[in-house]
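Source file: model-v5.cif. Holds: mmCIF, C-alpha atoms.
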```cif
data_upload
#
loop_
_atom_site.group_PDB
_atom_site.id
_atom_site.type_symbol
_atom_site.label_atom_id
_atom_site.label_comp_id
_atom_site.auth_asym_id
_atom_site.auth_seq_id
_atom_site.Cartn_x
_atom_site.Cartn_y
_atom_site.Cartn_z
ATOM 1 C CA MET L 1007 -114.240 10.067 -101.744
ATOM 2 C CA ILE L 1008 -113.207 10.701 -105.349
ATOM 3 C CA LEU L 1009 -113.475 7.493 -107.359
ATOM 4 C CA THR L 1010 -111.409 7.248 -110.558
ATOM 5 C CA LEU L 1011 -111.986 4.771 -113.386
ATOM 6 C CA THR L 1012 -109.242 3.752 -115.829
ATOM 7 C CA ILE L 1013 -110.229 0.973 -118.223
ATOM 8 C CA ASN L 1014 -107.122 1.295 -120.418
ATOM 9 C CA PRO L 1015 -104.142 1.786 -118.051
ATOM 10 C CA ALA L 1016 -100.520 1.442 -119.061
ATOM 11 C CA ILE L 1017 -96.960 1.182 -117.937
ATOM 12 C CA ASP L 1018 -95.562 4.654 -118.624
ATOM 13 C CA ARG L 1019 -91.934 4.475 -119.729
ATOM 14 C CA THR L 1020 -90.235 7.865 -119.747
ATOM 15 C CA VAL L 1021 -86.860 8.579 -121.299
ATOM 16 C CA SER L 1022 -85.106 11.904 -120.683
ATOM 17 C CA VAL L 1023 -82.517 12.920 -123.286
ATOM 18 C CA ASP L 1024 -80.155 15.830 -123.779
ATOM 19 C CA ARG L 1025 -81.934 17.084 -126.892
ATOM 20 C CA LEU L 1026 -84.415 15.999 -129.545
ATOM 21 C CA VAL L 1027 -83.262 16.951 -133.052
ATOM 22 C CA PHE L 1028 -84.546 15.515 -136.323
ATOM 23 C CA GLU L 1029 -82.047 13.140 -137.980
ATOM 24 C CA ASP L 1030 -79.455 13.503 -135.229
ATOM 25 C CA ARG L 1031 -78.590 11.366 -132.238
ATOM 26 C CA ALA L 1032 -79.700 12.048 -128.673
ATOM 27 C CA TYR L 1033 -78.139 10.742 -125.474
ATOM 28 C CA ILE L 1034 -80.251 9.197 -122.743
ATOM 29 C CA LEU L 1035 -79.834 10.910 -119.397
ATOM 30 C CA ASP L 1036 -82.449 9.054 -117.358
ATOM 31 C CA ARG L 1037 -85.312 6.594 -117.699
ATOM 32 C CA THR L 1038 -88.188 5.696 -115.409
ATOM 33 C CA GLU L 1039 -91.280 3.516 -115.328
ATOM 34 C CA ALA L 1040 -94.569 4.073 -113.501
ATOM 35 C CA ALA L 1041 -98.131 2.825 -113.474
ATOM 36 C CA GLY L 1042 -100.007 5.160 -115.776
ATOM 37 C CA GLY L 1043 -103.366 6.041 -117.236
ATOM 38 C CA ARG L 1044 -105.327 9.254 -116.730
ATOM 39 C CA GLY L 1045 -107.394 7.941 -113.817
ATOM 40 C CA ILE L 1046 -104.383 6.498 -111.999
ATOM 41 C CA ASN L 1047 -102.560 9.802 -112.441
ATOM 42 C CA ALA L 1048 -105.623 11.666 -111.172
ATOM 43 C CA SER L 1049 -105.825 9.531 -108.030
ATOM 44 C CA LEU L 1050 -102.138 10.164 -107.368
ATOM 45 C CA VAL L 1051 -102.641 13.939 -107.573
ATOM 46 C CA VAL L 1052 -105.782 13.852 -105.399
ATOM 47 C CA HIS L 1053 -103.847 11.801 -102.842
ATOM 48 C CA ARG L 1054 -100.934 14.249 -102.834
ATOM 49 C CA LEU L 1055 -103.352 17.132 -102.302
ATOM 50 C CA GLY L 1056 -104.740 15.395 -99.236
ATOM 51 C CA GLY L 1057 -107.979 14.083 -100.733
ATOM 52 C CA LYS L 1058 -109.571 10.661 -100.340
ATOM 53 C CA THR L 1059 -109.515 8.579 -103.500
ATOM 54 C CA LEU L 1060 -109.909 5.067 -104.827
ATOM 55 C CA ALA L 1061 -108.519 4.096 -108.227
ATOM 56 C CA LEU L 1062 -110.460 1.411 -110.075
ATOM 57 C CA LEU L 1063 -108.797 -0.082 -113.137
ATOM 58 C CA ALA L 1064 -108.691 -3.021 -115.518
ATOM 59 C CA ALA L 1065 -105.346 -4.730 -115.994
ATOM 60 C CA GLY L 1066 -104.134 -7.912 -117.611
ATOM 61 C CA GLY L 1067 -101.124 -9.983 -118.566
ATOM 62 C CA ALA L 1068 -97.562 -9.490 -117.377
ATOM 63 C CA ALA L 1069 -97.845 -5.728 -117.857
ATOM 64 C CA GLY L 1070 -100.993 -5.695 -115.735
ATOM 65 C CA GLU L 1071 -99.195 -7.546 -112.944
ATOM 66 C CA ARG L 1072 -96.395 -4.963 -113.074
ATOM 67 C CA ILE L 1073 -98.937 -2.141 -112.876
ATOM 68 C CA GLU L 1074 -100.368 -3.737 -109.715
ATOM 69 C CA ARG L 1075 -96.917 -4.041 -108.153
ATOM 70 C CA MET L 1076 -96.101 -0.424 -109.007
ATOM 71 C CA LEU L 1077 -99.367 0.805 -107.489
ATOM 72 C CA ALA L 1078 -98.718 -1.100 -104.257
ATOM 73 C CA GLY L 1079 -96.218 1.569 -103.190
ATOM 74 C CA VAL L 1080 -97.948 4.805 -104.182
ATOM 75 C CA GLY L 1081 -99.974 5.296 -101.011
ATOM 76 C CA PHE L 1082 -103.599 5.422 -102.182
ATOM 77 C CA PRO L 1083 -106.067 2.511 -102.371
ATOM 78 C CA PHE L 1084 -106.811 0.837 -105.680
ATOM 79 C CA GLU L 1085 -108.829 -2.078 -107.006
ATOM 80 C CA VAL L 1086 -108.038 -4.106 -110.106
ATOM 81 C CA VAL L 1087 -110.460 -5.997 -112.319
ATOM 82 C CA ARG L 1088 -108.239 -8.571 -113.981
ATOM 83 C CA VAL L 1089 -108.770 -9.071 -117.704
ATOM 84 C CA ARG L 1090 -107.306 -11.528 -120.191
ATOM 85 C CA SER L 1091 -105.818 -8.927 -122.540
ATOM 86 C CA GLU L 1092 -102.303 -7.590 -122.015
ATOM 87 C CA SER L 1093 -102.185 -4.039 -120.626
ATOM 88 C CA ARG L 1094 -100.493 -1.282 -122.634
ATOM 89 C CA THR L 1095 -97.018 0.178 -122.492
ATOM 90 C CA ASN L 1096 -96.683 3.874 -123.410
ATOM 91 C CA PHE L 1097 -93.495 5.776 -124.175
ATOM 92 C CA THR L 1098 -92.572 9.396 -123.479
ATOM 93 C CA ILE L 1099 -89.333 10.991 -124.690
ATOM 94 C CA SER L 1100 -88.490 14.484 -123.460
ATOM 95 C CA ASP L 1101 -85.396 16.663 -123.613
ATOM 96 C CA LYS L 1102 -83.938 19.370 -121.370
ATOM 97 C CA GLN L 1103 -85.643 22.102 -123.410
ATOM 98 C CA GLY L 1104 -89.117 20.677 -122.762
ATOM 99 C CA LEU L 1105 -89.701 19.168 -126.212
ATOM 100 C CA THR L 1106 -91.728 15.997 -125.707
ATOM 101 C CA ILE L 1107 -92.840 13.071 -127.855
ATOM 102 C CA LYS L 1108 -95.606 10.791 -126.570
ATOM 103 C CA LEU L 1109 -96.163 7.341 -128.117
ATOM 104 C CA ASN L 1110 -99.200 5.412 -126.840
ATOM 105 C CA GLU L 1111 -100.350 1.894 -127.613
ATOM 106 C CA VAL L 1112 -104.083 1.680 -128.309
ATOM 107 C CA GLY L 1113 -104.654 -1.239 -125.960
ATOM 108 C CA GLN L 1114 -106.372 -4.600 -126.354
ATOM 109 C CA PRO L 1115 -110.084 -5.519 -126.394
ATOM 110 C CA ILE L 1116 -111.896 -6.234 -123.147
ATOM 111 C CA ALA L 1117 -114.452 -9.071 -123.012
ATOM 112 C CA VAL L 1118 -118.130 -8.331 -122.394
ATOM 113 C CA ALA L 1119 -118.075 -10.210 -119.087
ATOM 114 C CA GLU L 1120 -115.038 -8.217 -117.951
ATOM 115 C CA LEU L 1121 -116.786 -4.927 -118.798
ATOM 116 C CA ALA L 1122 -119.790 -6.104 -116.803
ATOM 117 C CA GLU L 1123 -117.499 -6.735 -113.829
ATOM 118 C CA LEU L 1124 -116.045 -3.225 -114.175
ATOM 119 C CA ARG L 1125 -119.525 -1.731 -114.298
ATOM 120 C CA ALA L 1126 -120.576 -3.714 -111.225
ATOM 121 C CA ARG L 1127 -117.462 -2.658 -109.335
ATOM 122 C CA VAL L 1128 -118.124 1.025 -110.117
ATOM 123 C CA GLU L 1129 -121.735 0.661 -109.001
ATOM 124 C CA ALA L 1130 -120.663 -0.939 -105.708
ATOM 125 C CA ARG L 1131 -118.265 1.950 -104.905
ATOM 126 C CA LEU L 1132 -120.578 4.834 -105.815
ATOM 127 C CA SER L 1133 -122.301 4.779 -102.427
ATOM 128 C CA LYS L 1134 -119.074 6.036 -100.820
ATOM 129 C CA SER L 1135 -118.233 8.538 -103.577
ATOM 130 C CA THR L 1136 -119.192 12.142 -104.189
ATOM 131 C CA TRP L 1137 -117.248 12.440 -107.463
ATOM 132 C CA LEU L 1138 -116.448 9.914 -110.188
ATOM 133 C CA MET L 1139 -113.637 10.713 -112.623
ATOM 134 C CA ILE L 1140 -113.969 8.708 -115.854
ATOM 135 C CA CYS L 1141 -110.555 8.961 -117.414
ATOM 136 C CA GLY L 1142 -108.628 7.948 -120.485
ATOM 137 C CA SER L 1143 -109.160 6.149 -123.748
ATOM 138 C CA ILE L 1144 -111.441 3.213 -124.482
ATOM 139 C CA PRO L 1145 -109.724 0.046 -125.788
ATOM 140 C CA PRO L 1146 -110.550 -1.239 -129.277
ATOM 141 C CA GLY L 1147 -113.822 -3.126 -129.467
ATOM 142 C CA VAL L 1148 -115.346 -1.466 -126.408
ATOM 143 C CA SER L 1149 -118.510 0.468 -127.223
ATOM 144 C CA THR L 1150 -118.205 4.232 -127.065
ATOM 145 C CA GLU L 1151 -121.497 4.063 -125.150
ATOM 146 C CA PHE L 1152 -119.751 2.446 -122.172
ATOM 147 C CA TYR L 1153 -118.892 5.767 -120.565
ATOM 148 C CA CYS L 1154 -122.524 6.857 -121.032
ATOM 149 C CA GLU L 1155 -123.658 3.859 -119.008
ATOM 150 C CA ILE L 1156 -121.196 4.683 -116.225
ATOM 151 C CA ILE L 1157 -122.293 8.349 -116.121
ATOM 152 C CA GLN L 1158 -125.922 7.289 -115.875
ATOM 153 C CA LEU L 1159 -125.097 4.911 -113.011
ATOM 154 C CA ALA L 1160 -123.441 7.766 -111.133
ATOM 155 C CA LYS L 1161 -126.258 10.227 -111.782
ATOM 156 C CA LYS L 1162 -128.846 7.813 -110.398
ATOM 157 C CA ARG L 1163 -126.911 7.839 -107.119
ATOM 158 C CA GLY L 1164 -126.306 11.568 -106.999
ATOM 159 C CA VAL L 1165 -122.578 11.262 -107.756
ATOM 160 C CA LYS L 1166 -121.018 14.040 -109.843
ATOM 161 C CA THR L 1167 -118.975 13.038 -112.858
ATOM 162 C CA LEU L 1168 -115.894 14.396 -114.616
ATOM 163 C CA VAL L 1169 -115.051 12.941 -118.022
ATOM 164 C CA ASP L 1170 -111.483 13.232 -119.299
ATOM 165 C CA THR L 1171 -111.276 11.401 -122.623
ATOM 166 C CA GLU L 1172 -111.273 12.128 -126.346
ATOM 167 C CA GLY L 1173 -112.728 11.232 -129.729
ATOM 168 C CA ASP L 1174 -115.958 9.274 -130.035
ATOM 169 C CA ALA L 1175 -115.840 8.306 -126.355
ATOM 170 C CA LEU L 1176 -115.979 11.994 -125.424
ATOM 171 C CA LEU L 1177 -118.633 12.791 -128.014
ATOM 172 C CA HIS L 1178 -120.970 10.029 -126.895
ATOM 173 C CA SER L 1179 -120.417 10.723 -123.202
ATOM 174 C CA LEU L 1180 -122.027 14.131 -123.733
ATOM 175 C CA GLU L 1181 -125.342 12.388 -124.363
ATOM 176 C CA ALA L 1182 -125.437 11.383 -120.681
ATOM 177 C CA ARG L 1183 -124.848 15.010 -119.586
ATOM 178 C CA PRO L 1184 -121.835 14.626 -117.264
ATOM 179 C CA THR L 1185 -121.124 17.259 -114.617
ATOM 180 C CA VAL L 1186 -117.951 18.485 -116.304
ATOM 181 C CA ILE L 1187 -115.638 17.586 -119.177
ATOM 182 C CA THR L 1188 -112.018 18.689 -119.517
ATOM 183 C CA PRO L 1189 -110.838 18.502 -123.140
ATOM 184 C CA ASN L 1190 -107.553 20.063 -124.164
ATOM 185 C CA GLN L 1191 -107.389 22.374 -127.164
ATOM 186 C CA HIS L 1192 -106.735 19.575 -129.687
ATOM 187 C CA GLU L 1193 -109.555 17.437 -128.271
ATOM 188 C CA GLY L 1194 -111.876 20.443 -128.394
ATOM 189 C CA GLU L 1195 -110.949 21.076 -132.018
ATOM 190 C CA ARG L 1196 -111.708 17.477 -132.948
ATOM 191 C CA LEU L 1197 -114.976 17.602 -131.047
ATOM 192 C CA LEU L 1198 -116.141 20.684 -132.954
ATOM 193 C CA GLY L 1199 -114.416 19.920 -136.250
ATOM 194 C CA ARG L 1200 -112.711 23.316 -136.458
ATOM 195 C CA ALA L 1201 -109.485 25.038 -135.471
ATOM 196 C CA LEU L 1202 -109.398 27.119 -132.278
ATOM 197 C CA VAL L 1203 -106.798 29.839 -132.639
ATOM 198 C CA THR L 1204 -108.034 33.186 -131.349
ATOM 199 C CA ARG L 1205 -109.413 34.073 -127.933
ATOM 200 C CA SER L 1206 -112.857 34.740 -129.390
ATOM 201 C CA GLN L 1207 -112.870 31.311 -131.081
ATOM 202 C CA ILE L 1208 -111.933 29.634 -127.827
ATOM 203 C CA LEU L 1209 -114.634 31.448 -125.841
ATOM 204 C CA GLU L 1210 -117.206 30.585 -128.488
ATOM 205 C CA ALA L 1211 -116.058 26.969 -128.479
ATOM 206 C CA VAL L 1212 -116.544 26.600 -124.734
ATOM 207 C CA GLY L 1213 -120.124 27.816 -125.085
ATOM 208 C CA ARG L 1214 -120.824 25.512 -128.026
ATOM 209 C CA ILE L 1215 -119.421 22.482 -126.219
ATOM 210 C CA GLN L 1216 -121.476 23.259 -123.123
ATOM 211 C CA LYS L 1217 -124.638 23.293 -125.241
ATOM 212 C CA MET L 1218 -123.793 19.750 -126.356
ATOM 213 C CA GLY L 1219 -124.680 18.367 -122.939
ATOM 214 C CA PRO L 1220 -122.237 18.782 -120.040
ATOM 215 C CA GLU L 1221 -123.144 21.068 -117.153
ATOM 216 C CA SER L 1222 -119.658 22.596 -117.205
ATOM 217 C CA VAL L 1223 -116.688 22.666 -119.570
ATOM 218 C CA ILE L 1224 -113.012 23.315 -118.928
ATOM 219 C CA LEU L 1225 -110.968 23.795 -122.098
ATOM 220 C CA SER L 1226 -107.275 23.345 -121.307
ATOM 221 C CA LEU L 1227 -104.922 25.574 -123.296
ATOM 222 C CA GLY L 1228 -101.541 24.282 -122.133
ATOM 223 C CA SER L 1229 -99.147 27.051 -121.128
ATOM 224 C CA ARG L 1230 -101.947 29.620 -121.637
ATOM 225 C CA GLY L 1231 -104.024 28.120 -118.823
ATOM 226 C CA ALA L 1232 -107.683 27.243 -119.278
ATOM 227 C CA VAL L 1233 -111.139 28.638 -119.961
ATOM 228 C CA GLY L 1234 -114.036 27.265 -117.951
ATOM 229 C CA SER L 1235 -117.778 27.687 -118.280
ATOM 230 C CA SER L 1236 -120.367 26.747 -115.667
ATOM 231 C CA ARG L 1237 -123.564 28.026 -114.112
ATOM 232 C CA GLU L 1238 -121.388 30.489 -112.189
ATOM 233 C CA GLY L 1239 -120.214 32.056 -115.454
ATOM 234 C CA VAL L 1240 -117.256 31.928 -117.807
ATOM 235 C CA PHE L 1241 -113.728 32.299 -116.410
ATOM 236 C CA GLU L 1242 -110.196 32.498 -117.748
ATOM 237 C CA ALA L 1243 -107.342 31.171 -115.611
ATOM 238 C CA THR L 1244 -103.861 32.310 -116.595
ATOM 239 C CA PRO L 1245 -100.759 30.674 -115.081
ATOM 240 C CA PRO L 1246 -97.333 32.254 -114.572
ATOM 241 C CA HIS L 1247 -94.684 31.742 -117.226
ATOM 242 C CA ILE L 1248 -92.568 28.667 -116.500
ATOM 243 C CA ASP L 1249 -89.799 26.666 -118.100
ATOM 244 C CA ALA L 1250 -91.680 23.465 -118.908
ATOM 245 C CA LEU L 1251 -89.767 20.202 -118.686
ATOM 246 C CA CYS L 1252 -92.580 17.777 -119.593
ATOM 247 C CA PRO L 1253 -96.181 18.855 -120.250
ATOM 248 C CA ILE L 1254 -97.423 15.260 -120.598
ATOM 249 C CA GLY L 1255 -99.769 14.561 -117.671
ATOM 250 C CA ALA L 1256 -100.490 18.222 -116.986
ATOM 251 C CA GLY L 1257 -104.097 17.740 -118.087
ATOM 252 C CA ASP L 1258 -104.471 14.810 -115.676
ATOM 253 C CA ALA L 1259 -103.162 16.977 -112.838
ATOM 254 C CA MET L 1260 -105.485 19.836 -113.777
ATOM 255 C CA ALA L 1261 -108.577 17.616 -113.833
ATOM 256 C CA ALA L 1262 -107.633 16.001 -110.523
ATOM 257 C CA ALA L 1263 -106.965 19.254 -108.679
ATOM 258 C CA PHE L 1264 -110.173 20.792 -110.039
ATOM 259 C CA THR L 1265 -112.178 17.794 -108.807
ATOM 260 C CA TRP L 1266 -110.395 17.816 -105.443
ATOM 261 C CA SER L 1267 -111.281 21.482 -104.975
ATOM 262 C CA MET L 1268 -114.928 20.897 -105.944
ATOM 263 C CA TRP L 1269 -114.956 17.900 -103.554
ATOM 264 C CA LYS L 1270 -113.920 20.380 -100.861
ATOM 265 C CA LYS L 1271 -116.972 22.481 -101.866
ATOM 266 C CA LYS L 1272 -114.990 25.354 -103.376
ATOM 267 C CA SER L 1273 -116.495 27.483 -106.151
ATOM 268 C CA PHE L 1274 -116.059 26.636 -109.827
ATOM 269 C CA SER L 1275 -113.707 29.580 -110.403
ATOM 270 C CA GLU L 1276 -111.605 28.705 -107.359
ATOM 271 C CA SER L 1277 -111.448 25.076 -108.478
ATOM 272 C CA LEU L 1278 -110.386 26.179 -111.953
ATOM 273 C CA ARG L 1279 -107.548 28.113 -110.338
ATOM 274 C CA TRP L 1280 -106.404 25.047 -108.410
ATOM 275 C CA GLY L 1281 -106.625 22.963 -111.573
ATOM 276 C CA VAL L 1282 -104.447 25.311 -113.619
ATOM 277 C CA ALA L 1283 -101.978 25.551 -110.737
ATOM 278 C CA ALA L 1284 -101.601 21.760 -110.569
ATOM 279 C CA GLY L 1285 -101.263 21.415 -114.342
ATOM 280 C CA THR L 1286 -98.592 24.113 -114.413
ATOM 281 C CA ALA L 1287 -96.747 22.583 -111.458
ATOM 282 C CA LYS L 1288 -96.738 19.225 -113.272
ATOM 283 C CA ALA L 1289 -95.297 20.738 -116.469
ATOM 284 C CA ARG L 1290 -92.332 22.064 -114.494
ATOM 285 C CA LEU L 1291 -91.325 18.541 -113.474
ATOM 286 C CA PRO L 1292 -89.445 15.934 -115.522
ATOM 287 C CA GLY L 1293 -91.112 12.889 -117.052
ATOM 288 C CA MET L 1294 -94.254 11.556 -115.383
ATOM 289 C CA THR L 1295 -93.438 13.108 -112.015
ATOM 290 C CA PHE L 1296 -96.472 14.698 -110.350
ATOM 291 C CA PRO L 1297 -96.368 17.651 -107.947
ATOM 292 C CA THR L 1298 -96.757 17.734 -104.194
ATOM 293 C CA ILE L 1299 -99.303 19.993 -102.530
ATOM 294 C CA GLU L 1300 -96.514 22.423 -101.632
ATOM 295 C CA GLN L 1301 -95.487 22.714 -105.282
ATOM 296 C CA VAL L 1302 -99.104 23.253 -106.352
ATOM 297 C CA LYS L 1303 -99.673 25.904 -103.679
ATOM 298 C CA ALA L 1304 -96.606 27.818 -104.832
ATOM 299 C CA VAL L 1305 -98.029 28.091 -108.359
ATOM 300 C CA TYR L 1306 -101.603 28.669 -107.144
ATOM 301 C CA LYS L 1307 -100.579 32.019 -105.674
ATOM 302 C CA GLN L 1308 -99.498 33.176 -109.120
ATOM 303 C CA VAL L 1309 -102.527 31.996 -111.148
ATOM 304 C CA GLU L 1310 -104.893 34.774 -112.176
ATOM 305 C CA VAL L 1311 -108.606 34.090 -112.655
ATOM 306 C CA ARG L 1312 -111.005 36.601 -114.184
ATOM 307 C CA ALA L 1313 -114.623 36.480 -115.256
ATOM 308 C CA VAL L 1314 -115.248 36.932 -118.967
#
```
Just give me the structure as structure tokens.
Amino acid sequence: MILTLTINPAIDRTVSVDRLVFEDRAYILDRTEAAGGRGINASLVVHRLGGKTLALLAAGGAAGERIERMLAGVGFPFEVVRVRSESRTNFTISDKQGLTIKLNEVGQPIAVAELAELRARVEARLSKSTWLMICGSIPPGVSTEFYCEIIQLAKKRGVKTLVDTEGDALLHSLEARPTVITPNQHEGERLLGRALVTRSQILEAVGRIQKMGPESVILSLGSRGAVGSSREGVFEATPPHIDALCPIGAGDAMAAAFTWSMWKKKSFSESLRWGVAAGTAKARLPGMTFPTIEQVKAVYKQVEVRAV
């Protein structure tokens, strides 16, 4: 199966408005709540694509209890390590033109004993996993080395790893040489300490990041698709033009569909195509709504992949 780990999940509150304009009022058209966090979102997408997945997460307080209740109806299995700290609540505001504002809480510290329980739970589930997706931010006070430890656990058992995080957690995870990382353009810029504007800069950046440790790199470029580098070569995947309603979560969908395709033993370039298709299909949907396999397939037919 594909095991996902989310140590900093959240309740995702999404508000849809008629328009977002500076210093002017907007009218709320709709609002929703869902259990969120990159790993939870990834498991949802894998499940909708027909893959086998288990979502492992830490959750605490009243918000954590609500996350558990929300997950009870989504259709895929999950396990919760209960912690004392209150889980986060994140806010997304998007309008009918696709303009989106994302406001995330940083989360609360997790005790050493609780982290040890998370680590033990991951280790116990690796025997039934072929891929481990390590997703999302690390709460304050948690060592940025934690993801390194988890990657090393997986590697000892022959489980491939995808890391989808940012900042110091991403930087330090490279030391453990994960199978693949999936930064977006802004995360890639912070990782390298430079702007990535032109095509040549982006292609150079993918190569530089790959030399930092991961076997493969996928640099997500939003509406422009993604560039991926692996032992098979370097590839550009370009999606069709769409009218985006909410791009938040598109990176989660891309990482999940890529992993699902690799889990099905497809090539890197084919998996990149599936990933870009799922990310694009997500961006076409309102709020934190994730696509069905039919919606992903419809976009997949229009994604172009070429070797660089």
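Closest approach to Ala1256 of chain L among L:Ser1235, L:Asn1047, L:Gln1301, L:Ala1078: L:Asn1047, based on only C-alpha atoms.
Within 7 Å of segment 1148-1157 of chain L, once all atoms listed in the file are used and residues closer than 4 positions along the same chain are dropped, the contacting residues are L:Pro1115, L:Ile1116, L:Arg1125, L:Ile1144, L:Lys1161, L:Thr1167, L:Asp1174, L:Ala1175, L:His1178, L:Ser1179, L:Ala1182, L:Pro1184.
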Selected by the PyMOL selection byres ((chain L and resi 1243) around 8) in the shown coordinates: which residues, as a PDB file with C-alpha atoms, keeping the file's coordinate frame?
```
ATOM      1  CA  GLY L1231    -104.024  28.120-118.823  1.00  0.00           C
ATOM      2  CA  ALA L1232    -107.683  27.243-119.278  1.00  0.00           C
ATOM      3  CA  VAL L1233    -111.139  28.638-119.961  1.00  0.00           C
ATOM      4  CA  PHE L1241    -113.728  32.299-116.410  1.00  0.00           C
ATOM      5  CA  GLU L1242    -110.196  32.498-117.748  1.00  0.00           C
ATOM      6  CA  THR L1244    -103.861  32.310-116.595  1.00  0.00           C
ATOM      7  CA  PRO L1245    -100.759  30.674-115.081  1.00  0.00           C
ATOM      8  CA  LEU L1278    -110.386  26.179-111.953  1.00  0.00           C
ATOM      9  CA  ARG L1279    -107.548  28.113-110.338  1.00  0.00           C
ATOM     10  CA  VAL L1282    -104.447  25.311-113.619  1.00  0.00           C
ATOM     11  CA  VAL L1309    -102.527  31.996-111.148  1.00  0.00           C
ATOM     12  CA  GLU L1310    -104.893  34.774-112.176  1.00  0.00           C
ATOM     13  CA  VAL L1311    -108.606  34.090-112.655  1.00  0.00           C
ATOM     14  CA  ARG L1312    -111.005  36.601-114.184  1.00  0.00           C
TER      15      ARG L1312
END
```
Between atom CA of Ile1008 of chain L and atom CA of Val1165 of chain L, distance in Å (one decimal):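 Separating atom CA of Ile1008 of chain L from atom CA of Val1165 of chain L is a distance of 9.7 Å.
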The PyMOL selection byres ((chain L and resi 1269-1277) around 8) resolved against shown file, as a ChimeraX atom specification: /L:1008,1136-1137,1234,1236,1238,1241,1263-1268,1278-1281,1311
Just to be explicit: take each residue in the selection above, keep C-alpha atoms, and write the result as a short mmCIF file (atom, residue, chain, number, x, y, z; two decimals), in the coordinates of the input.
```
data_model
loop_
_atom_site.label_atom_id
_atom_site.label_comp_id
_atom_site.auth_asym_id
_atom_site.auth_seq_id
_atom_site.Cartn_x
_atom_site.Cartn_y
_atom_site.Cartn_z
CA ILE L 1008 -113.21 10.70 -105.35
CA THR L 1136 -119.19 12.14 -104.19
CA TRP L 1137 -117.25 12.44 -107.46
CA GLY L 1234 -114.04 27.26 -117.95
CA SER L 1236 -120.37 26.75 -115.67
CA GLU L 1238 -121.39 30.49 -112.19
CA PHE L 1241 -113.73 32.30 -116.41
CA ALA L 1263 -106.96 19.25 -108.68
CA PHE L 1264 -110.17 20.79 -110.04
CA THR L 1265 -112.18 17.79 -108.81
CA TRP L 1266 -110.40 17.82 -105.44
CA SER L 1267 -111.28 21.48 -104.98
CA MET L 1268 -114.93 20.90 -105.94
CA LEU L 1278 -110.39 26.18 -111.95
CA ARG L 1279 -107.55 28.11 -110.34
CA TRP L 1280 -106.40 25.05 -108.41
CA GLY L 1281 -106.62 22.96 -111.57
CA VAL L 1311 -108.61 34.09 -112.66
#
```
